[in-house]
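Chemist: Below is final_6.cif; it holds mmCIF, C-alpha atoms.
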```cif
data_entry
#
loop_
_atom_site.label_atom_id
_atom_site.label_comp_id
_atom_site.auth_asym_id
_atom_site.auth_seq_id
_atom_site.Cartn_x
_atom_site.Cartn_y
_atom_site.Cartn_z
CA MET A 9 0.00 0.00 0.00
CA LYS A 10 2.08 2.86 -1.34
CA GLU A 11 -0.04 5.72 -0.15
CA CYS A 12 -2.04 5.68 3.06
CA PRO A 13 -5.31 7.32 2.12
CA GLY A 14 -6.96 8.92 5.07
CA ILE A 15 -3.79 9.13 7.17
CA ALA A 16 -2.58 12.69 7.56
CA MET A 17 1.06 11.68 7.25
CA PRO A 18 1.62 9.78 3.99
CA CYS A 19 4.47 7.39 4.75
CA GLY A 20 5.04 6.03 1.25
CA GLU A 21 7.68 3.29 1.31
CA ASN A 22 8.23 3.77 5.06
CA CYS A 23 4.77 2.62 5.94
CA PRO A 24 5.41 0.38 8.97
CA LYS A 25 3.69 -2.99 9.25
CA VAL A 26 1.37 -2.71 12.21
CA GLY A 27 0.27 -6.30 12.47
CA TYR A 28 0.69 -9.83 11.25
CA GLY A 29 -2.13 -11.58 9.47
CA PHE A 30 -1.24 -14.97 10.91
CA VAL A 31 0.45 -16.65 13.87
CA PRO A 32 3.81 -18.12 12.87
CA ILE A 33 4.23 -21.86 13.39
CA GLN A 34 5.59 -22.46 16.89
CA ASP A 35 8.45 -24.96 16.99
CA VAL A 36 7.65 -26.59 20.31
CA ASN A 37 11.18 -27.91 20.60
CA ARG A 38 12.43 -24.40 21.05
CA PHE A 39 11.46 -22.93 24.42
CA TYR A 40 12.49 -19.94 26.42
CA ASP A 41 13.44 -20.46 30.04
CA TYR A 42 10.95 -19.21 32.65
CA GLU A 43 12.61 -15.84 33.16
CA SER A 44 12.99 -15.00 29.45
CA ALA A 45 9.43 -16.13 28.76
CA LEU A 46 8.00 -13.69 31.30
CA ILE A 47 10.18 -10.87 29.99
CA THR A 48 9.44 -11.43 26.30
CA GLY A 49 5.80 -12.49 26.72
CA SER A 50 5.87 -15.99 25.29
CA VAL A 51 7.61 -19.30 25.83
CA PHE A 52 7.97 -19.63 22.05
CA PRO A 53 10.88 -17.70 20.49
CA ASP A 54 9.16 -18.07 17.12
CA LEU A 55 6.38 -15.75 18.30
CA ILE A 56 8.61 -12.91 19.43
CA TYR A 57 8.58 -10.17 16.81
CA PRO A 58 9.71 -6.99 18.47
CA GLN A 59 9.89 -3.72 16.59
CA GLY A 60 12.89 -3.73 14.26
CA LYS A 61 12.96 -7.49 13.84
CA TYR A 62 9.44 -7.42 12.44
CA GLY A 63 9.33 -4.14 10.64
CA PRO A 64 12.41 -2.86 8.78
CA LYS A 65 11.77 0.67 9.93
CA GLU A 66 10.99 2.23 13.29
CA SER A 67 7.30 2.98 13.60
CA ALA A 68 6.48 6.21 11.78
CA PHE A 69 4.02 6.92 14.60
CA ALA A 70 6.60 6.60 17.47
CA MET B 26 8.11 -7.80 51.54
CA THR B 27 11.58 -9.17 51.95
CA ALA B 28 13.96 -9.67 49.05
CA GLU B 29 13.69 -13.45 49.40
CA GLN B 30 9.89 -13.26 49.36
CA ALA B 31 9.97 -11.01 46.31
CA ALA B 32 12.36 -13.39 44.54
CA MET B 33 10.10 -16.36 45.25
CA MET B 34 7.02 -14.41 44.11
CA LEU B 35 8.81 -13.50 40.86
CA LYS B 36 9.74 -17.13 40.28
CA LEU B 37 6.10 -18.12 40.83
CA GLN B 38 5.05 -15.55 38.23
CA GLN B 39 7.65 -16.79 35.77
CA VAL B 40 6.66 -20.44 36.09
CA GLY B 41 2.99 -19.47 36.09
CA MET B 42 3.37 -17.51 32.85
CA THR B 43 5.03 -20.49 31.14
CA MET B 44 2.12 -22.68 32.25
CA ASP B 45 -0.38 -20.16 30.90
CA ASP B 46 1.34 -20.04 27.51
CA LEU B 47 1.62 -23.82 27.31
CA ARG B 48 -2.03 -24.22 28.25
CA GLU B 49 -3.03 -22.04 25.31
CA TYR B 50 -0.77 -24.07 23.01
CA LEU B 51 -2.06 -27.40 24.36
CA ASP B 52 -5.67 -26.26 23.88
CA THR B 53 -4.98 -26.48 20.13
CA HIS B 54 -2.37 -29.24 20.17
CA LEU B 55 -3.98 -31.79 22.43
CA TYR B 56 -1.58 -34.63 21.72
CA ASP B 57 1.74 -32.84 21.68
CA GLN B 58 3.84 -35.05 23.95
CA TYR B 59 6.74 -32.66 24.23
CA ALA B 60 4.56 -29.75 25.28
CA LEU B 61 2.72 -31.99 27.76
CA GLU B 62 6.03 -32.97 29.27
CA ARG B 63 7.09 -29.32 29.57
CA PHE B 64 3.75 -28.37 31.11
CA ASN B 65 3.90 -31.15 33.71
CA MET B 66 7.45 -30.15 34.61
CA ALA B 67 6.37 -26.56 35.18
CA ALA B 68 3.25 -27.66 37.07
CA ALA B 69 5.31 -29.74 39.50
CA GLU B 70 7.71 -26.85 40.03
CA TYR B 71 4.85 -24.41 40.57
CA ALA B 72 3.17 -26.69 43.12
CA ALA B 73 6.39 -27.04 45.11
CA LEU B 74 7.04 -23.28 45.01
CA GLN B 75 3.46 -22.52 46.05
CA GLU B 76 3.63 -24.89 48.98
CA GLU B 77 6.96 -23.43 50.12
CA TYR B 78 5.75 -19.85 49.73
CA SER B 79 2.55 -20.51 51.63
CA ARG B 80 4.38 -22.28 54.41
CA THR B 81 7.13 -19.65 54.67
CA TYR B 82 5.25 -16.41 54.11
CA SER B 83 1.50 -16.41 53.57
CA PRO B 84 -1.05 -18.38 51.60
CA LEU B 85 -1.26 -17.70 47.86
CA THR B 86 -4.80 -18.95 47.69
CA TRP B 87 -7.39 -19.32 50.38
CA HIS B 88 -7.21 -23.09 50.09
CA ASP B 89 -3.51 -23.23 50.89
CA ALA B 90 -2.80 -24.66 54.30
CA CYS B 91 -2.81 -21.99 56.94
CA ASN B 92 0.72 -21.71 58.33
CA SER B 93 -0.42 -20.47 61.71
CA ASP B 94 -2.08 -22.24 64.59
CA SER B 95 -3.50 -19.10 66.09
CA GLU B 96 -4.78 -16.87 63.29
CA TRP B 97 -6.34 -17.02 59.87
CA ASN B 98 -3.52 -15.43 57.96
CA TRP B 99 -5.25 -15.59 54.60
CA GLY B 100 -7.30 -12.68 55.90
CA LEU B 101 -4.56 -11.01 57.90
CA SER B 102 -1.62 -10.95 55.49
CA ASP B 103 -1.37 -8.95 52.27
CA PHE B 104 -3.18 -10.65 49.42
CA PRO B 105 -0.90 -11.97 46.67
CA TRP B 106 -2.30 -9.52 44.17
CA ASP B 107 -1.48 -6.60 46.43
CA TYR B 108 2.23 -6.95 45.79
#
```
Produce structure tokens that represent the structure in this file.

Modeler:
Amino acid sequence: MKECPGIAMPCGENCPKVGYGFVPIQDVNRFYDYESALITGSVFPDLIYPQGKYGPKESAFA
Amino acid sequence: MTAEQAAMMLKLQQVGMTMDDLREYLDTHLYDQYALERFNMAAAEYAALQEEYSRTYSPLTWHDACNSDSEWNWGLSDFPWDY
């Protein structure tokens, strides 16, 4: 979506992805330890998509 | 709350969060042996931690054994969600 109709700040190519349309497959053989799981929010490393890893650019709205 | 109590409470939260996440996974993967094994491991660890916490400090739930012979400390001590 090149232009963002209706958004005051057209972001063109820098339009950040704001969501994922699906849940990645969780490899159940890969687990976080208890502490890391609570910090990151999941026991599955495959589900951790922080800003930067997921979207190439920082959020244009940050 | 002492540092030891806080450390044990944090560990309970960590193990509890792993159980929550595994429960959601197991709800859709009912026969996943590896996840079942991981869940049972965490459940055993959580039960032991809960028993130790309740015995040492105060009950985590009202149906934990009361660690006092003279007062109902479920009602007297801070509730677990107050921390």

Chemist: Give me the residues within 10 Å of B:Gln30 as an MDAnalysis selection string, counting only C-alpha atoms and dropping any in the same chain fewer than 5 places off.

Modeler: chainID B and resid 35:36 78 81:83

Chemist: Please save C-alpha atoms of the selected residues as a PDB file, keeping the file's coordinate frame.

Modeler:
```
ATOM      1  CA  LEU B  35       8.810 -13.500  40.860  1.00  0.00           C
ATOM      2  CA  LYS B  36       9.740 -17.130  40.280  1.00  0.00           C
ATOM      3  CA  TYR B  78       5.750 -19.850  49.730  1.00  0.00           C
ATOM      4  CA  THR B  81       7.130 -19.650  54.670  1.00  0.00           C
ATOM      5  CA  TYR B  82       5.250 -16.410  54.110  1.00  0.00           C
ATOM      6  CA  SER B  83       1.500 -16.410  53.570  1.00  0.00           C
TER       7      SER B  83
END
```

Chemist: I'd like to see the residues matched by the PyMOL selection byres ((chain A) within 6 of (chain B)) on this file, and ideally I'd get them as a PyMOL selection string.

Modeler: chain A and resi 42-43+46

Chemist: Could you tell me which residues the PyMOL selection byres ((chain A and resi 39) around 8) grabs in this file, written as a list of chain:residue names?

Modeler: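 The output of the PyMOL selection byres ((chain A and resi 39) around 8) on this file is A:Val36, A:Asn37, A:Arg38, A:Tyr40, A:Asp41, A:Val51, A:Phe52, A:Pro53.
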
Chemist: Quick check on the file I pasted: which residues fall under the PyMOL selection byres ((chain A and resi 34) around 7)? Write them as JSON, numbers by chain.

Modeler: {"A": [32, 33, 35, 36, 52, 54, 55]}

Chemist: With C-alpha atoms retained, export the selected residues as an mmCIF file, keeping the file's coordinate frame.

Modeler:
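Writing the result to again22.cif gives the following:
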```cif
data_model
loop_
_atom_site.group_PDB
_atom_site.id
_atom_site.type_symbol
_atom_site.label_atom_id
_atom_site.label_comp_id
_atom_site.auth_asym_id
_atom_site.auth_seq_id
_atom_site.Cartn_x
_atom_site.Cartn_y
_atom_site.Cartn_z
ATOM 1 C CA PRO A 32 3.810 -18.120 12.870
ATOM 2 C CA ILE A 33 4.230 -21.860 13.390
ATOM 3 C CA ASP A 35 8.450 -24.960 16.990
ATOM 4 C CA VAL A 36 7.650 -26.590 20.310
ATOM 5 C CA PHE A 52 7.970 -19.630 22.050
ATOM 6 C CA ASP A 54 9.160 -18.070 17.120
ATOM 7 C CA LEU A 55 6.380 -15.750 18.300
#
```

Chemist: Extract, using all atoms listed in the file, all DNA, RNA and protein residues at most 12 Å from B:Trp87, discarding same-chain residues fewer than 3 positions from it, and format them as a list in words.

Modeler: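 Counting only the stated atoms, we get Ser79, Ser83, Pro84, Ala90, Cys91, Asn92, Trp97, Asn98, Trp99, Gly100, Leu101, Ser102, Phe104 and Pro105 of chain B.
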
Chemist: Work out how far atom CA of B:Asp107 is from atom CA of B:Met34, in Å to one decimal.

Modeler: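 Straight-line distance from atom CA of B:Met34 to atom CA of B:Asp107 works out to 11.8 Å.
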
Chemist: Rounded to one decimal, what separation in Å do you get between atom CA of B:Tyr56 and atom CA of A:Tyr57?

Modeler: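 Answer for the atom CA of B:Tyr56 to atom CA of A:Tyr57 separation: 26.9 Å.
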
Chemist: For a test of reading the model, state the distance in Å between atom CA of A:Thr48 and atom CA of B:Trp106, rounded to one decimal.

Modeler: 21.5 Å

Chemist: Emit a file covering stretch 52-64 of chain B of the preceding structure with all heavy atoms, as a PDB file, in the first residue's frame.

Modeler:
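Output contents, as saved in result01.pdb:
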```pdb
ATOM      1  N   ASP B  52      -4.246 -26.303  24.236  1.00  0.00           N
ATOM      2  CA  ASP B  52      -5.671 -26.258  23.879  1.00  0.00           C
ATOM      3  C   ASP B  52      -5.868 -26.546  22.397  1.00  0.00           C
ATOM      4  O   ASP B  52      -6.922 -27.023  21.981  1.00  0.00           O
ATOM      5  CB  ASP B  52      -6.264 -24.877  24.216  1.00  0.00           C
ATOM      6  CG  ASP B  52      -6.516 -24.714  25.718  1.00  0.00           C
ATOM      7  OD1 ASP B  52      -6.435 -25.745  26.441  1.00  0.00           O
ATOM      8  OD2 ASP B  52      -6.773 -23.585  26.164  1.00  0.00           O
ATOM      9  N   THR B  53      -4.846 -26.236  21.583  1.00  0.00           N
ATOM     10  CA  THR B  53      -4.983 -26.478  20.133  1.00  0.00           C
ATOM     11  C   THR B  53      -4.073 -27.598  19.642  1.00  0.00           C
ATOM     12  O   THR B  53      -4.064 -27.943  18.484  1.00  0.00           O
ATOM     13  CB  THR B  53      -4.628 -25.190  19.346  1.00  0.00           C
ATOM     14  OG1 THR B  53      -3.330 -24.747  19.786  1.00  0.00           O
ATOM     15  CG2 THR B  53      -5.661 -24.108  19.588  1.00  0.00           C
ATOM     16  N   HIS B  54      -3.272 -28.128  20.550  1.00  0.00           N
ATOM     17  CA  HIS B  54      -2.369 -29.239  20.174  1.00  0.00           C
ATOM     18  C   HIS B  54      -2.498 -30.311  21.246  1.00  0.00           C
ATOM     19  O   HIS B  54      -1.584 -30.522  22.048  1.00  0.00           O
ATOM     20  CB  HIS B  54      -0.933 -28.752  20.051  1.00  0.00           C
ATOM     21  CG  HIS B  54      -0.704 -27.688  19.042  1.00  0.00           C
ATOM     22  ND1 HIS B  54      -1.154 -26.390  19.196  1.00  0.00           N
ATOM     23  CD2 HIS B  54      -0.095 -27.716  17.834  1.00  0.00           C
ATOM     24  CE1 HIS B  54      -0.816 -25.676  18.137  1.00  0.00           C
ATOM     25  NE2 HIS B  54      -0.190 -26.449  17.296  1.00  0.00           N
ATOM     26  N   LEU B  55      -3.594 -30.967  21.272  1.00  0.00           N
ATOM     27  CA  LEU B  55      -3.982 -31.789  22.426  1.00  0.00           C
ATOM     28  C   LEU B  55      -3.082 -33.001  22.640  1.00  0.00           C
ATOM     29  O   LEU B  55      -3.029 -33.555  23.732  1.00  0.00           O
ATOM     30  CB  LEU B  55      -5.433 -32.237  22.245  1.00  0.00           C
ATOM     31  CG  LEU B  55      -6.435 -31.091  22.119  1.00  0.00           C
ATOM     32  CD1 LEU B  55      -7.765 -31.599  21.570  1.00  0.00           C
ATOM     33  CD2 LEU B  55      -6.647 -30.413  23.446  1.00  0.00           C
ATOM     34  N   TYR B  56      -2.360 -33.394  21.584  1.00  0.00           N
ATOM     35  CA  TYR B  56      -1.582 -34.634  21.722  1.00  0.00           C
ATOM     36  C   TYR B  56      -0.086 -34.389  21.596  1.00  0.00           C
ATOM     37  O   TYR B  56       0.676 -35.283  21.278  1.00  0.00           O
ATOM     38  CB  TYR B  56      -2.042 -35.648  20.657  1.00  0.00           C
ATOM     39  CG  TYR B  56      -3.516 -35.953  20.738  1.00  0.00           C
ATOM     40  CD1 TYR B  56      -4.416 -35.359  19.861  1.00  0.00           C
ATOM     41  CD2 TYR B  56      -4.008 -36.787  21.740  1.00  0.00           C
ATOM     42  CE1 TYR B  56      -5.772 -35.611  19.968  1.00  0.00           C
ATOM     43  CE2 TYR B  56      -5.363 -37.037  21.855  1.00  0.00           C
ATOM     44  CZ  TYR B  56      -6.247 -36.446  20.965  1.00  0.00           C
ATOM     45  OH  TYR B  56      -7.590 -36.682  21.089  1.00  0.00           O
ATOM     46  N   ASP B  57       0.317 -33.163  21.830  1.00  0.00           N
ATOM     47  CA  ASP B  57       1.736 -32.837  21.684  1.00  0.00           C
ATOM     48  C   ASP B  57       2.490 -33.308  22.925  1.00  0.00           C
ATOM     49  O   ASP B  57       2.440 -32.675  23.983  1.00  0.00           O
ATOM     50  CB  ASP B  57       1.888 -31.324  21.482  1.00  0.00           C
ATOM     51  CG  ASP B  57       3.303 -30.964  21.105  1.00  0.00           C
ATOM     52  OD1 ASP B  57       4.230 -31.453  21.795  1.00  0.00           O
ATOM     53  OD2 ASP B  57       3.495 -30.231  20.142  1.00  0.00           O
ATOM     54  N   GLN B  58       3.186 -34.406  22.793  1.00  0.00           N
ATOM     55  CA  GLN B  58       3.839 -35.046  23.947  1.00  0.00           C
ATOM     56  C   GLN B  58       4.891 -34.146  24.574  1.00  0.00           C
ATOM     57  O   GLN B  58       5.012 -34.046  25.796  1.00  0.00           O
ATOM     58  CB  GLN B  58       4.515 -36.353  23.481  1.00  0.00           C
ATOM     59  CG  GLN B  58       3.576 -37.324  22.804  1.00  0.00           C
ATOM     60  CD  GLN B  58       2.514 -37.844  23.744  1.00  0.00           C
ATOM     61  OE1 GLN B  58       2.827 -38.316  24.817  1.00  0.00           O
ATOM     62  NE2 GLN B  58       1.255 -37.695  23.336  1.00  0.00           N
ATOM     63  N   TYR B  59       5.632 -33.473  23.708  1.00  0.00           N
ATOM     64  CA  TYR B  59       6.739 -32.661  24.227  1.00  0.00           C
ATOM     65  C   TYR B  59       6.197 -31.498  25.050  1.00  0.00           C
ATOM     66  O   TYR B  59       6.667 -31.212  26.141  1.00  0.00           O
ATOM     67  CB  TYR B  59       7.585 -32.147  23.049  1.00  0.00           C
ATOM     68  CG  TYR B  59       8.876 -31.526  23.483  1.00  0.00           C
ATOM     69  CD1 TYR B  59       9.923 -32.314  23.950  1.00  0.00           C
ATOM     70  CD2 TYR B  59       9.040 -30.153  23.477  1.00  0.00           C
ATOM     71  CE1 TYR B  59      11.108 -31.732  24.390  1.00  0.00           C
ATOM     72  CE2 TYR B  59      10.220 -29.568  23.903  1.00  0.00           C
ATOM     73  CZ  TYR B  59      11.248 -30.355  24.357  1.00  0.00           C
ATOM     74  OH  TYR B  59      12.415 -29.786  24.786  1.00  0.00           O
ATOM     75  N   ALA B  60       5.137 -30.877  24.542  1.00  0.00           N
ATOM     76  CA  ALA B  60       4.559 -29.751  25.284  1.00  0.00           C
ATOM     77  C   ALA B  60       3.925 -30.238  26.578  1.00  0.00           C
ATOM     78  O   ALA B  60       4.010 -29.584  27.612  1.00  0.00           O
ATOM     79  CB  ALA B  60       3.528 -29.045  24.407  1.00  0.00           C
ATOM     80  N   LEU B  61       3.311 -31.418  26.536  1.00  0.00           N
ATOM     81  CA  LEU B  61       2.719 -31.991  27.761  1.00  0.00           C
ATOM     82  C   LEU B  61       3.801 -32.210  28.811  1.00  0.00           C
ATOM     83  O   LEU B  61       3.631 -31.889  29.980  1.00  0.00           O
ATOM     84  CB  LEU B  61       2.053 -33.333  27.433  1.00  0.00           C
ATOM     85  CG  LEU B  61       0.664 -33.267  26.811  1.00  0.00           C
ATOM     86  CD1 LEU B  61       0.251 -34.646  26.282  1.00  0.00           C
ATOM     87  CD2 LEU B  61      -0.341 -32.788  27.843  1.00  0.00           C
ATOM     88  N   GLU B  62       4.934 -32.711  28.346  1.00  0.00           N
ATOM     89  CA  GLU B  62       6.030 -32.972  29.273  1.00  0.00           C
ATOM     90  C   GLU B  62       6.501 -31.658  29.910  1.00  0.00           C
ATOM     91  O   GLU B  62       6.700 -31.555  31.111  1.00  0.00           O
ATOM     92  CB  GLU B  62       7.156 -33.614  28.474  1.00  0.00           C
ATOM     93  CG  GLU B  62       8.312 -34.142  29.258  1.00  0.00           C
ATOM     94  CD  GLU B  62       9.399 -34.645  28.310  1.00  0.00           C
ATOM     95  OE1 GLU B  62       9.059 -35.445  27.389  1.00  0.00           O
ATOM     96  OE2 GLU B  62      10.556 -34.206  28.437  1.00  0.00           O
ATOM     97  N   ARG B  63       6.636 -30.632  29.069  1.00  0.00           N
ATOM     98  CA  ARG B  63       7.086 -29.324  29.572  1.00  0.00           C
ATOM     99  C   ARG B  63       6.062 -28.765  30.549  1.00  0.00           C
ATOM    100  O   ARG B  63       6.391 -28.208  31.585  1.00  0.00           O
ATOM    101  CB  ARG B  63       7.251 -28.345  28.405  1.00  0.00           C
ATOM    102  CG  ARG B  63       8.318 -28.678  27.429  1.00  0.00           C
ATOM    103  CD  ARG B  63       9.693 -28.509  27.927  1.00  0.00           C
ATOM    104  NE  ARG B  63       9.969 -27.129  28.324  1.00  0.00           N
ATOM    105  CZ  ARG B  63      11.193 -26.625  28.407  1.00  0.00           C
ATOM    106  NH1 ARG B  63      12.234 -27.379  28.096  1.00  0.00           N
ATOM    107  NH2 ARG B  63      11.390 -25.397  28.786  1.00  0.00           N
ATOM    108  N   PHE B  64       4.794 -28.916  30.230  1.00  0.00           N
ATOM    109  CA  PHE B  64       3.749 -28.374  31.112  1.00  0.00           C
ATOM    110  C   PHE B  64       3.785 -29.083  32.456  1.00  0.00           C
ATOM    111  O   PHE B  64       3.733 -28.437  33.505  1.00  0.00           O
ATOM    112  CB  PHE B  64       2.368 -28.553  30.469  1.00  0.00           C
ATOM    113  CG  PHE B  64       1.255 -28.014  31.324  1.00  0.00           C
ATOM    114  CD1 PHE B  64       0.879 -26.688  31.240  1.00  0.00           C
ATOM    115  CD2 PHE B  64       0.610 -28.826  32.242  1.00  0.00           C
ATOM    116  CE1 PHE B  64      -0.114 -26.171  32.053  1.00  0.00           C
ATOM    117  CE2 PHE B  64      -0.390 -28.317  33.060  1.00  0.00           C
ATOM    118  CZ  PHE B  64      -0.751 -26.985  32.960  1.00  0.00           C
TER     119      PHE B  64
END
```
